[in-house]
$ cat data-v4.pdb   # PDB, C-alpha atoms
ATOM      1  CA  MET A 136      44.081  -8.998   8.414
ATOM      2  CA  THR A 137      41.995  -7.014   5.944
ATOM      3  CA  ALA A 138      38.200  -6.963   5.952
ATOM      4  CA  CYS A 139      37.372  -7.946   2.368
ATOM      5  CA  THR A 140      34.040  -8.109   0.591
ATOM      6  CA  VAL A 141      33.486 -10.011  -2.637
ATOM      7  CA  ILE A 142      30.349  -9.134  -4.592
ATOM      8  CA  GLY A 143      29.607 -11.962  -7.026
ATOM      9  CA  LEU A 144      30.496 -15.509  -6.022
ATOM     10  CA  GLY A 145      30.636 -17.081  -9.449
ATOM     11  CA  GLU A 146      33.818 -18.699 -10.771
ATOM     12  CA  ALA A 147      36.055 -15.626 -10.446
ATOM     13  CA  GLY A 148      34.525 -14.265  -7.261
ATOM     14  CA  ALA A 149      34.648 -17.624  -5.485
ATOM     15  CA  THR A 150      38.273 -18.055  -6.554
ATOM     16  CA  TYR A 151      39.376 -14.739  -5.074
ATOM     17  CA  ALA A 152      37.210 -15.144  -1.971
ATOM     18  CA  ALA A 153      38.741 -18.542  -1.232
ATOM     19  CA  ALA A 154      42.290 -17.278  -1.816
ATOM     20  CA  LEU A 155      41.791 -14.253   0.442
ATOM     21  CA  THR A 156      40.318 -16.451   3.165
ATOM     22  CA  ALA A 157      43.250 -18.856   2.913
ATOM     23  CA  ALA A 158      45.615 -15.877   3.270
ATOM     24  CA  GLY A 159      44.041 -15.019   6.615
ATOM     25  CA  HIS A 160      41.758 -12.166   5.619
ATOM     26  CA  LYS A 161      38.201 -11.748   6.851
ATOM     27  CA  VAL A 162      35.971 -12.242   3.810
ATOM     28  CA  THR A 163      32.277 -11.475   3.402
ATOM     29  CA  GLY A 164      30.473 -12.346   0.189
ATOM     30  CA  PHE A 165      27.231 -11.609  -1.567
ATOM     31  CA  ASP A 166      25.593 -13.147  -4.598
ATOM     32  CA  PRO A 167      21.845 -13.331  -5.251
ATOM     33  CA  VAL A 168      22.035 -16.537  -7.306
ATOM     34  CA  ALA A 169      25.284 -18.489  -6.768
ATOM     35  CA  PRO A 170      24.321 -21.644  -4.837
ATOM     36  CA  ASN A 171      27.616 -22.167  -3.020
ATOM     37  CA  THR A 172      29.730 -20.092  -0.642
ATOM     38  CA  PRO A 173      33.479 -20.766  -0.321
ATOM     39  CA  ALA A 174      34.514 -22.226   3.017
ATOM     40  CA  GLY A 175      35.276 -19.568   5.601
ATOM     41  CA  VAL A 176      33.359 -16.815   3.756
ATOM     42  CA  ALA A 177      30.450 -15.190   5.568
ATOM     43  CA  ARG A 178      27.530 -14.633   3.222
ATOM     44  CA  ALA A 179      25.507 -11.432   3.577
ATOM     45  CA  ALA A 180      21.845 -10.951   2.699
ATOM     46  CA  THR A 181      22.421  -7.869   0.527
ATOM     47  CA  ALA A 182      25.312  -6.210  -1.264
ATOM     48  CA  ALA A 183      25.105  -3.143   0.974
ATOM     49  CA  GLU A 184      25.182  -5.322   4.090
ATOM     50  CA  ALA A 185      28.239  -7.138   2.769
ATOM     51  CA  CYS A 186      30.051  -3.804   2.441
ATOM     52  CA  GLU A 187      29.510  -2.605   6.007
ATOM     53  CA  GLY A 188      32.882  -2.175   7.698
ATOM     54  CA  ALA A 189      34.816  -3.408   4.662
ATOM     55  CA  ASP A 190      38.350  -2.221   3.996
ATOM     56  CA  ILE A 191      38.134  -3.270   0.350
ATOM     57  CA  VAL A 192      35.332  -4.486  -1.905
ATOM     58  CA  LEU A 193      36.015  -6.625  -4.975
ATOM     59  CA  VAL A 194      33.131  -6.533  -7.448
ATOM     60  CA  MET A 195      33.048  -9.554  -9.761
ATOM     61  CA  THR A 196      29.581  -9.457 -11.244
ATOM     62  CA  GLY A 197      28.615  -9.226 -14.896
ATOM     63  CA  ALA A 198      29.192  -5.837 -16.510
ATOM     64  CA  ALA A 199      25.451  -5.255 -16.832
ATOM     65  CA  ALA A 200      25.152  -5.105 -13.035
ATOM     66  CA  ALA A 201      28.147  -2.832 -12.428
ATOM     67  CA  ARG A 202      26.225   0.446 -12.188
ATOM     68  CA  ASN A 203      23.502  -0.908  -9.884
ATOM     69  CA  VAL A 204      26.027  -2.618  -7.620
ATOM     70  CA  ALA A 205      28.113   0.543  -7.349
ATOM     71  CA  GLN A 206      25.083   2.660  -6.530
ATOM     72  CA  GLU A 207      24.102   0.231  -3.754
ATOM     73  CA  CYS A 208      27.543  -0.406  -2.299
ATOM     74  CA  LEU A 209      29.431   2.890  -2.484
ATOM     75  CA  PRO A 210      27.229   4.754   0.039
ATOM     76  CA  ALA A 211      27.810   1.960   2.581
ATOM     77  CA  LEU A 212      31.608   2.175   2.494
ATOM     78  CA  PRO A 213      33.632   4.052   5.100
ATOM     79  CA  ALA A 214      36.294   6.668   4.417
ATOM     80  CA  GLY A 215      39.647   5.203   3.476
ATOM     81  CA  SER A 216      38.170   2.018   2.034
ATOM     82  CA  CYS A 217      38.551   0.838  -1.560
ATOM     83  CA  TYR A 218      35.926  -0.189  -4.100
ATOM     84  CA  ALA A 219      37.544  -2.309  -6.828
ATOM     85  CA  ASP A 220      35.416  -3.014  -9.898
ATOM     86  CA  PHE A 221      36.604  -6.140 -11.746
ATOM     87  CA  THR A 222      33.683  -6.167 -14.195
ATOM     88  CA  SER A 223      34.344  -6.008 -17.930
ATOM     89  CA  SER A 224      32.607  -2.666 -18.278
ATOM     90  CA  SER A 225      33.644  -0.119 -20.888
ATOM     91  CA  PRO A 226      36.255   2.533 -20.052
ATOM     92  CA  ALA A 227      33.494   5.155 -20.172
ATOM     93  CA  VAL A 228      31.375   3.275 -17.632
ATOM     94  CA  MET A 229      34.373   2.783 -15.341
ATOM     95  CA  HIS A 230      35.114   6.498 -15.528
ATOM     96  CA  GLU A 231      31.478   7.291 -14.753
ATOM     97  CA  LEU A 232      31.381   4.961 -11.750
ATOM     98  CA  GLY A 233      34.603   6.444 -10.483
ATOM     99  CA  GLN A 234      32.877   9.849 -10.318
ATOM    100  CA  LEU A 235      29.976   8.667  -8.130
ATOM    101  CA  PRO A 236      29.862  10.293  -4.683
ATOM    102  CA  SER A 237      31.660   8.060  -2.186
ATOM    103  CA  LYS A 238      34.077   8.094   0.734
ATOM    104  CA  ALA A 239      35.834   5.084  -0.799
ATOM    105  CA  ASP A 240      38.658   5.157  -3.331
ATOM    106  CA  PHE A 241      37.546   3.686  -6.648
ATOM    107  CA  ALA A 242      39.709   1.237  -8.613
ATOM    108  CA  ASP A 243      39.145  -0.008 -12.156
ATOM    109  CA  VAL A 244      40.559  -3.555 -12.387
ATOM    110  CA  ALA A 245      41.166  -5.376 -15.680
ATOM    111  CA  ILE A 246      41.706  -9.139 -15.556
ATOM    112  CA  LEU A 247      44.342  -9.993 -18.172
ATOM    113  CA  GLY A 248      43.885 -13.728 -18.565
ATOM    114  CA  PRO A 249      41.579 -16.679 -17.894
ATOM    115  CA  VAL A 250      40.788 -17.040 -14.179
ATOM    116  CA  ALA A 251      39.598 -20.586 -14.905
ATOM    117  CA  ALA A 252      43.174 -21.529 -15.823
ATOM    118  CA  LEU A 253      45.296 -19.199 -13.671
ATOM    119  CA  GLY A 254      43.092 -18.757 -10.610
ATOM    120  CA  GLU A 255      43.787 -15.842  -8.287
ATOM    121  CA  LYS A 256      47.255 -15.476  -9.828
ATOM    122  CA  THR A 257      45.795 -14.171 -13.104
ATOM    123  CA  PRO A 258      47.637 -10.921 -14.007
ATOM    124  CA  LEU A 259      45.752  -7.701 -13.356
ATOM    125  CA  MET A 260      45.964  -4.086 -14.452
ATOM    126  CA  VAL A 261      44.541  -1.452 -12.096
ATOM    127  CA  SER A 262      43.885   2.269 -12.366
ATOM    128  CA  GLY A 263      42.227   4.935 -10.266
ATOM    129  CA  PRO A 264      42.684   6.228  -6.699
ATOM    130  CA  GLY A 265      42.255   2.752  -5.179
ATOM    131  CA  ALA A 266      44.823   1.054  -7.411
ATOM    132  CA  GLN A 267      47.538   0.808  -4.766
ATOM    133  CA  ALA A 268      45.141  -0.746  -2.251
ATOM    134  CA  VAL A 269      44.293  -3.498  -4.744
ATOM    135  CA  ALA A 270      47.978  -4.119  -5.414
ATOM    136  CA  ASP A 271      48.794  -4.226  -1.697
ATOM    137  CA  LEU A 272      46.050  -6.785  -1.079
ATOM    138  CA  LEU A 273      46.708  -9.125  -3.991
ATOM    139  CA  ARG A 274      50.452  -9.018  -4.644
ATOM    140  CA  PRO A 275      51.154 -11.086  -1.486
ATOM    141  CA  LEU A 276      48.987 -13.811  -3.058
ATOM    142  CA  GLY A 277      51.421 -14.006  -5.971
ATOM    143  CA  VAL A 278      49.353 -11.848  -8.310
ATOM    144  CA  GLU A 279      51.148  -9.717 -10.895
ATOM    145  CA  VAL A 280      49.425  -6.342 -10.531
ATOM    146  CA  GLU A 281      50.356  -3.522 -12.898
ATOM    147  CA  ILE A 282      49.170  -0.022 -12.018
ATOM    148  CA  ALA A 283      48.171   2.045 -15.036
ATOM    149  CA  GLU A 284      48.418   5.805 -14.909
ATOM    150  CA  GLY A 285      45.190   7.711 -15.238
ATOM    151  CA  GLU A 286      41.667   7.805 -13.899
ATOM    152  CA  PRO A 287      39.249   4.856 -13.609
ATOM    153  CA  GLY A 288      38.758   3.444 -17.096
ATOM    154  CA  ALA A 289      42.455   3.458 -18.003
ATOM    155  CA  ALA A 290      42.933  -0.184 -17.009
ATOM    156  CA  MET A 291      39.876  -1.298 -18.956
ATOM    157  CA  ALA A 292      41.040   0.633 -22.021
ATOM    158  CA  HIS A 293      44.232  -1.428 -21.955
ATOM    159  CA  LYS A 294      42.238  -4.642 -21.598
ATOM    160  CA  LEU A 295      39.940  -3.908 -24.535
ATOM    161  CA  LEU A 296      42.911  -3.127 -26.773
ATOM    162  CA  ARG A 297      44.381  -6.477 -25.723
ATOM    163  CA  SER A 298      41.042  -8.140 -26.517
ATOM    164  CA  VAL A 299      41.305  -7.030 -30.150
ATOM    165  CA  LEU A 300      44.310  -9.334 -30.350
ATOM    166  CA  MET A 301      43.479 -12.134 -27.931
ATOM    167  CA  LYS A 302      39.815 -12.728 -28.794
ATOM    168  CA  GLY A 303      40.445 -12.132 -32.488
ATOM    169  CA  LEU A 304      43.436 -14.475 -32.457
ATOM    170  CA  ALA A 305      41.469 -17.134 -30.601
ATOM    171  CA  ALA A 306      38.634 -16.938 -33.135
ATOM    172  CA  VAL A 307      41.069 -17.168 -36.056
ATOM    173  CA  VAL A 308      42.826 -20.197 -34.538
ATOM    174  CA  VAL A 309      39.516 -21.959 -33.931
ATOM    175  CA  GLU A 310      38.429 -21.283 -37.525
ATOM    176  CA  ALA A 311      41.764 -22.432 -38.962
ATOM    177  CA  VAL A 312      41.901 -25.653 -36.921
ATOM    178  CA  THR A 313      38.258 -26.434 -37.689
ATOM    179  CA  ALA A 314      38.994 -25.995 -41.396
ATOM    180  CA  GLY A 315      42.108 -28.148 -41.031
ATOM    181  CA  GLN A 316      40.051 -30.915 -39.437
ATOM    182  CA  ALA A 317      37.488 -30.750 -42.242
ATOM    183  CA  ALA A 318      40.269 -30.950 -44.856
ATOM    184  CA  GLY A 319      42.081 -33.782 -43.073
ATOM    185  CA  LEU A 320      45.065 -31.495 -42.378
ATOM    186  CA  GLU A 321      44.684 -30.662 -38.694
ATOM    187  CA  ASP A 322      48.244 -31.599 -37.688
ATOM    188  CA  TRP A 323      49.696 -29.533 -40.527
ATOM    189  CA  ILE A 324      47.669 -26.395 -39.728
ATOM    190  CA  ARG A 325      48.469 -26.754 -36.028
ATOM    191  CA  GLY A 326      52.147 -26.761 -36.939
ATOM    192  CA  GLN A 327      51.709 -23.640 -39.056
ATOM    193  CA  ILE A 328      49.971 -21.835 -36.200
ATOM    194  CA  ALA A 329      52.615 -22.866 -33.673
ATOM    195  CA  ASN A 330      55.408 -21.643 -35.953
ATOM    196  CA  GLN A 331      53.747 -18.248 -36.372
ATOM    197  CA  LEU A 332      53.312 -17.824 -32.607
ATOM    198  CA  ALA A 333      56.996 -18.515 -31.924
ATOM    199  CA  GLY A 334      60.079 -16.399 -32.586
ATOM    200  CA  ASP A 335      60.668 -12.652 -32.631
ATOM    201  CA  GLY A 336      57.285 -11.130 -31.869
ATOM    202  CA  GLN A 337      58.265  -7.529 -32.617
ATOM    203  CA  ALA A 338      59.617  -8.518 -36.026
ATOM    204  CA  VAL A 339      56.347 -10.301 -36.823
ATOM    205  CA  ILE A 340      54.358  -7.205 -35.822
ATOM    206  CA  ASP A 341      56.472  -4.991 -38.072
ATOM    207  CA  ARG A 342      56.110  -7.447 -40.947
ATOM    208  CA  PHE A 343      52.327  -7.477 -40.530
ATOM    209  CA  LEU A 344      52.118  -3.686 -40.360
ATOM    210  CA  THR A 345      54.174  -3.086 -43.515
ATOM    211  CA  GLY A 346      53.213  -6.108 -45.584
ATOM    212  CA  THR A 347      49.463  -6.064 -45.013
ATOM    213  CA  ALA A 348      48.850  -2.628 -46.498
ATOM    214  CA  LYS A 349      51.351  -3.192 -49.317
ATOM    215  CA  HIS A 350      49.755  -6.458 -50.458
ATOM    216  CA  ALA A 351      46.181  -5.750 -49.369
ATOM    217  CA  LEU A 352      44.548  -6.065 -52.800
ATOM    218  CA  ARG A 353      46.095  -9.458 -53.586
ATOM    219  CA  ARG A 354      45.447 -10.755 -50.076
ATOM    220  CA  SER A 355      41.831  -9.650 -50.207
ATOM    221  CA  LYS A 356      41.252 -11.825 -53.265
ATOM    222  CA  GLU A 357      43.104 -14.704 -51.618
ATOM    223  CA  MET A 358      40.935 -14.464 -48.499
ATOM    224  CA  GLN A 359      37.785 -14.353 -50.601
ATOM    225  CA  ASP A 360      38.914 -17.574 -52.252
ATOM    226  CA  THR A 361      39.723 -18.983 -48.825
ATOM    227  CA  ALA A 362      36.230 -18.158 -47.570
ATOM    228  CA  ASN A 363      34.750 -19.943 -50.581
ATOM    229  CA  TYR A 364      36.928 -22.993 -49.878
ATOM    230  CA  LEU A 365      35.831 -23.102 -46.239
ATOM    231  CA  SER A 366      32.227 -22.924 -47.423
ATOM    232  CA  GLU A 367      32.880 -25.974 -49.620
ATOM    233  CA  LEU A 368      34.263 -27.749 -46.544
ATOM    234  CA  GLY A 369      31.146 -26.849 -44.592
ATOM    235  CA  VAL A 370      33.138 -24.692 -42.157
ATOM    236  CA  PRO A 371      31.846 -21.303 -40.942
ATOM    237  CA  ALA A 372      34.191 -18.600 -42.206
ATOM    238  CA  GLU A 373      33.300 -15.425 -40.308
ATOM    239  CA  MET A 374      36.913 -14.505 -39.530
ATOM    240  CA  THR A 375      38.123 -15.275 -43.042
ATOM    241  CA  ALA A 376      35.318 -13.235 -44.613
ATOM    242  CA  ALA A 377      36.069 -10.358 -42.231
ATOM    243  CA  SER A 378      39.736 -10.554 -43.173
ATOM    244  CA  ALA A 379      38.844 -10.344 -46.854
ATOM    245  CA  ALA A 380      36.727  -7.255 -46.180
ATOM    246  CA  ALA A 381      39.443  -5.634 -44.060
ATOM    247  CA  HIS A 382      42.082  -6.216 -46.751
ATOM    248  CA  ALA A 383      39.738  -4.771 -49.371
ATOM    249  CA  ARG A 384      39.322  -1.640 -47.263
ATOM    250  CA  LEU A 385      43.088  -1.353 -46.773
ATOM    251  CA  ALA A 386      43.603  -1.744 -50.520
ATOM    252  CA  GLU A 387      41.446   1.342 -51.083
ATOM    253  CA  VAL A 388      43.364   3.505 -48.610
ATOM    254  CA  GLU A 389      46.887   2.124 -49.163
ATOM    255  CA  PRO A 390      47.862   4.507 -52.007
ATOM    256  CA  ALA A 391      47.105   7.458 -49.732
ATOM    257  CA  LEU A 392      49.583   6.099 -47.200
ATOM    258  CA  ARG A 393      52.501   6.356 -49.613
TER     259      ARG A 393
END

$ encode --input "data-v4.pdb" --output "structure tokens"
Amino acid sequence: MTACTVIGLGEAGATYAAALTAAGHKVTGFDPVAPNTPAGVARAATAAEACEGADIVLVMTGAAAARNVAQECLPALPAGSCYADFTSSSPAVMHELGQLPSKADFADVAILGPVAALGEKTPLMVSGPGAQAVADLLRPLGVEVEIAEGEPGAAMAHKLLRSVLMKGLAAVVVEAVTAGQAAGLEDWIRGQIANQLAGDGQAVIDRFLTGTAKHALRRSKEMQDTANYLSELGVPAEMTAASAAAHARLAEVEPALR
């Protein structure tokens, strides 16, 4: 049995706290605002109190609180313990927090999926001295934990690169489907999206990398026209307008790439 502390008992924190309790671990939690405490979790009055005697601390607050939480909790942790920061802080902030004086091993943990859908089994990437401790705790729960080489901040750097794709793709899909609905062509555009997401992913990446720069000027004009069409449909076109601007920029630099 591991003495676990979960700081932040919102959706993600409560999910992990409940799963760790069900696995037989001793779990203490702290949250200044969350109204509910998962069954079997002891709730502390302060974050520092919650960390007393902990083997591992999982921090699942908002990124804005990461520095304050670390400054309160790290001094309370014993030697050989682990402080695992799951917040979506920048790589630079994670690196900074990992340098704070502490007897605990710091781990930078990036959540690589929606906890709302995947629960405690959401894949994770971990870096820093405490990475192995996080993996040892969560892998028995069925969590895919990948350890990234490097200091704290390495895992979050991977996550933010992934976010360029995942959040950008999500926004593009929402814009395309919304436009399809407005044009009475939702089923058709859904089919187009599904076809693009299937098949040989590496081949699609290569096609995008070579074709985009080569045809940037023409595609910029096409996306400008597309943005105008979406405006006529009454559909916000932030992603389409950004695509037009990006293609225009690539058209200016493309000759230098040859």

$ residues_around --input "data-v4.pdb" --residues "Leu273 (chain A)" --least-positions-apart "5" --cutoff "9 Å" --atoms "all atoms listed in the file" --output "tab-separated table (two decimals) with C-alpha atoms, keeping the file's coordinate frame"
chain	number	residue	atom	x	y	z
A	155	LEU	CA	41.79	-14.25	0.44
A	255	GLU	CA	43.79	-15.84	-8.29
A	256	LYS	CA	47.26	-15.48	-9.83
A	268	ALA	CA	45.14	-0.75	-2.25
A	278	VAL	CA	49.35	-11.85	-8.31
A	279	GLU	CA	51.15	-9.72	-10.90
A	280	VAL	CA	49.42	-6.34	-10.53

$ resolve_selection --input "data-v4.pdb" --expression "the PyMOL selection byres ((chain A and resi 309) around 12)" --output "list in words"
Lys302, Gly303, Leu304, Ala305, Ala306, Val307, Val308, Glu310, Ala311, Val312, Thr313, Ala314, Gly315, Gln316, Glu321, Ile324, Arg325, Ile328, Val370, Pro371, Ala372, Glu373, Met374 and Thr375 of chain A

$ residues_around --input "data-v4.pdb" --residues "region 238-254 of chain A" --least-positions-apart "3" --cutoff "7 Å" --atoms "only C-alpha atoms" --output "ChimeraX atom specification"
/A:147,150,209,212-221,229,233,257-266,287-288,290-291,294

$ write_last_selection --input "data-v4.pdb" --atoms "C-alpha atoms" --output "PDB file, in the coordinates of the input"
ATOM      1  CA  ALA A 147      36.055 -15.626 -10.446  1.00  0.00           C
ATOM      2  CA  THR A 150      38.273 -18.055  -6.554  1.00  0.00           C
ATOM      3  CA  LEU A 209      29.431   2.890  -2.484  1.00  0.00           C
ATOM      4  CA  LEU A 212      31.608   2.175   2.494  1.00  0.00           C
ATOM      5  CA  PRO A 213      33.632   4.052   5.100  1.00  0.00           C
ATOM      6  CA  ALA A 214      36.294   6.668   4.417  1.00  0.00           C
ATOM      7  CA  GLY A 215      39.647   5.203   3.476  1.00  0.00           C
ATOM      8  CA  SER A 216      38.170   2.018   2.034  1.00  0.00           C
ATOM      9  CA  CYS A 217      38.551   0.838  -1.560  1.00  0.00           C
ATOM     10  CA  TYR A 218      35.926  -0.189  -4.100  1.00  0.00           C
ATOM     11  CA  ALA A 219      37.544  -2.309  -6.828  1.00  0.00           C
ATOM     12  CA  ASP A 220      35.416  -3.014  -9.898  1.00  0.00           C
ATOM     13  CA  PHE A 221      36.604  -6.140 -11.746  1.00  0.00           C
ATOM     14  CA  MET A 229      34.373   2.783 -15.341  1.00  0.00           C
ATOM     15  CA  GLY A 233      34.603   6.444 -10.483  1.00  0.00           C
ATOM     16  CA  THR A 257      45.795 -14.171 -13.104  1.00  0.00           C
ATOM     17  CA  PRO A 258      47.637 -10.921 -14.007  1.00  0.00           C
ATOM     18  CA  LEU A 259      45.752  -7.701 -13.356  1.00  0.00           C
ATOM     19  CA  MET A 260      45.964  -4.086 -14.452  1.00  0.00           C
ATOM     20  CA  VAL A 261      44.541  -1.452 -12.096  1.00  0.00           C
ATOM     21  CA  SER A 262      43.885   2.269 -12.366  1.00  0.00           C
ATOM     22  CA  GLY A 263      42.227   4.935 -10.266  1.00  0.00           C
ATOM     23  CA  PRO A 264      42.684   6.228  -6.699  1.00  0.00           C
ATOM     24  CA  GLY A 265      42.255   2.752  -5.179  1.00  0.00           C
ATOM     25  CA  ALA A 266      44.823   1.054  -7.411  1.00  0.00           C
ATOM     26  CA  PRO A 287      39.249   4.856 -13.609  1.00  0.00           C
ATOM     27  CA  GLY A 288      38.758   3.444 -17.096  1.00  0.00           C
ATOM     28  CA  ALA A 290      42.933  -0.184 -17.009  1.00  0.00           C
ATOM     29  CA  MET A 291      39.876  -1.298 -18.956  1.00  0.00           C
ATOM     30  CA  LYS A 294      42.238  -4.642 -21.598  1.00  0.00           C
TER      31      LYS A 294
END

$ residues_around --input "data-v4.pdb" --residues "region 136-145 of chain A" --least-positions-apart "6" --cutoff "9 Å" --atoms "only C-alpha atoms" --output "NGL selection string"
:A and (151-152 or 155 or 158-173 or 182 or 185-197 or 204 or 272)

$ write_last_selection --input "data-v4.pdb" --atoms "C-alpha atoms" --output "short mmCIF file (atom, residue, chain, number, x, y, z; two decimals), in the frame of the given file"
data_model
loop_
_atom_site.label_atom_id
_atom_site.label_comp_id
_atom_site.auth_asym_id
_atom_site.auth_seq_id
_atom_site.Cartn_x
_atom_site.Cartn_y
_atom_site.Cartn_z
CA TYR A 151 39.38 -14.74 -5.07
CA ALA A 152 37.21 -15.14 -1.97
CA LEU A 155 41.79 -14.25 0.44
CA ALA A 158 45.62 -15.88 3.27
CA GLY A 159 44.04 -15.02 6.62
CA HIS A 160 41.76 -12.17 5.62
CA LYS A 161 38.20 -11.75 6.85
CA VAL A 162 35.97 -12.24 3.81
CA THR A 163 32.28 -11.48 3.40
CA GLY A 164 30.47 -12.35 0.19
CA PHE A 165 27.23 -11.61 -1.57
CA ASP A 166 25.59 -13.15 -4.60
CA PRO A 167 21.84 -13.33 -5.25
CA VAL A 168 22.04 -16.54 -7.31
CA ALA A 169 25.28 -18.49 -6.77
CA PRO A 170 24.32 -21.64 -4.84
CA ASN A 171 27.62 -22.17 -3.02
CA THR A 172 29.73 -20.09 -0.64
CA PRO A 173 33.48 -20.77 -0.32
CA ALA A 182 25.31 -6.21 -1.26
CA ALA A 185 28.24 -7.14 2.77
CA CYS A 186 30.05 -3.80 2.44
CA GLU A 187 29.51 -2.60 6.01
CA GLY A 188 32.88 -2.17 7.70
CA ALA A 189 34.82 -3.41 4.66
CA ASP A 190 38.35 -2.22 4.00
CA ILE A 191 38.13 -3.27 0.35
CA VAL A 192 35.33 -4.49 -1.90
CA LEU A 193 36.02 -6.62 -4.97
CA VAL A 194 33.13 -6.53 -7.45
CA MET A 195 33.05 -9.55 -9.76
CA THR A 196 29.58 -9.46 -11.24
CA GLY A 197 28.62 -9.23 -14.90
CA VAL A 204 26.03 -2.62 -7.62
CA LEU A 272 46.05 -6.78 -1.08
#

$ atom_distance --input "data-v4.pdb" --atom1 "CA of Glu207 (chain A)" --atom2 "CA of Ser223 (chain A)"
18.6 Å

$ decode --input "data-v4.pdb" --residues "region 270-276 of chain A" --atoms "all heavy atoms" --output "short mmCIF file (atom, residue, chain, number, x, y, z; two decimals), in the first residue's frame"
data_model
loop_
_atom_site.label_atom_id
_atom_site.label_comp_id
_atom_site.auth_asym_id
_atom_site.auth_seq_id
_atom_site.Cartn_x
_atom_site.Cartn_y
_atom_site.Cartn_z
N ALA A 270 5.25 5.84 -12.75
CA ALA A 270 4.97 4.66 -13.56
C ALA A 270 4.66 3.45 -12.68
O ALA A 270 3.73 2.69 -12.94
CB ALA A 270 6.15 4.36 -14.48
N ASP A 271 5.44 3.27 -11.62
CA ASP A 271 5.24 2.12 -10.74
C ASP A 271 3.89 2.18 -10.04
O ASP A 271 3.27 1.14 -9.77
CB ASP A 271 6.36 2.05 -9.70
CG ASP A 271 7.71 1.70 -10.30
OD1 ASP A 271 7.74 1.21 -11.45
OD2 ASP A 271 8.73 1.93 -9.63
N LEU A 272 3.43 3.38 -9.73
CA LEU A 272 2.14 3.53 -9.05
C LEU A 272 0.97 3.29 -9.99
O LEU A 272 -0.02 2.62 -9.63
CB LEU A 272 2.03 4.93 -8.44
CG LEU A 272 0.69 5.27 -7.77
CD1 LEU A 272 0.53 4.47 -6.48
CD2 LEU A 272 0.59 6.77 -7.50
N LEU A 273 1.05 3.83 -11.20
CA LEU A 273 -0.12 3.87 -12.08
C LEU A 273 -0.20 2.74 -13.10
O LEU A 273 -1.30 2.40 -13.55
CB LEU A 273 -0.19 5.23 -12.78
CG LEU A 273 -0.37 6.43 -11.84
CD1 LEU A 273 -0.40 7.72 -12.63
CD2 LEU A 273 -1.64 6.29 -11.01
N ARG A 274 0.91 2.17 -13.49
CA ARG A 274 0.84 1.07 -14.47
C ARG A 274 -0.01 -0.10 -13.98
O ARG A 274 -0.74 -0.70 -14.77
CB ARG A 274 2.24 0.61 -14.84
CG ARG A 274 2.91 1.54 -15.88
CD ARG A 274 4.36 1.15 -16.13
NE ARG A 274 4.97 2.00 -17.16
CZ ARG A 274 6.27 2.10 -17.36
NH1 ARG A 274 7.12 1.40 -16.60
NH2 ARG A 274 6.75 2.89 -18.31
N PRO A 275 0.03 -0.46 -12.68
CA PRO A 275 -0.85 -1.55 -12.22
C PRO A 275 -2.34 -1.24 -12.35
O PRO A 275 -3.16 -2.16 -12.30
CB PRO A 275 -0.44 -1.71 -10.74
CG PRO A 275 0.97 -1.25 -10.68
CD PRO A 275 1.02 -0.09 -11.65
N LEU A 276 -2.68 0.04 -12.52
CA LEU A 276 -4.08 0.42 -12.73
C LEU A 276 -4.48 0.29 -14.19
O LEU A 276 -5.63 0.57 -14.54
CB LEU A 276 -4.32 1.86 -12.27
CG LEU A 276 -3.96 2.22 -10.83
CD1 LEU A 276 -4.34 3.66 -10.55
CD2 LEU A 276 -4.63 1.28 -9.85
#
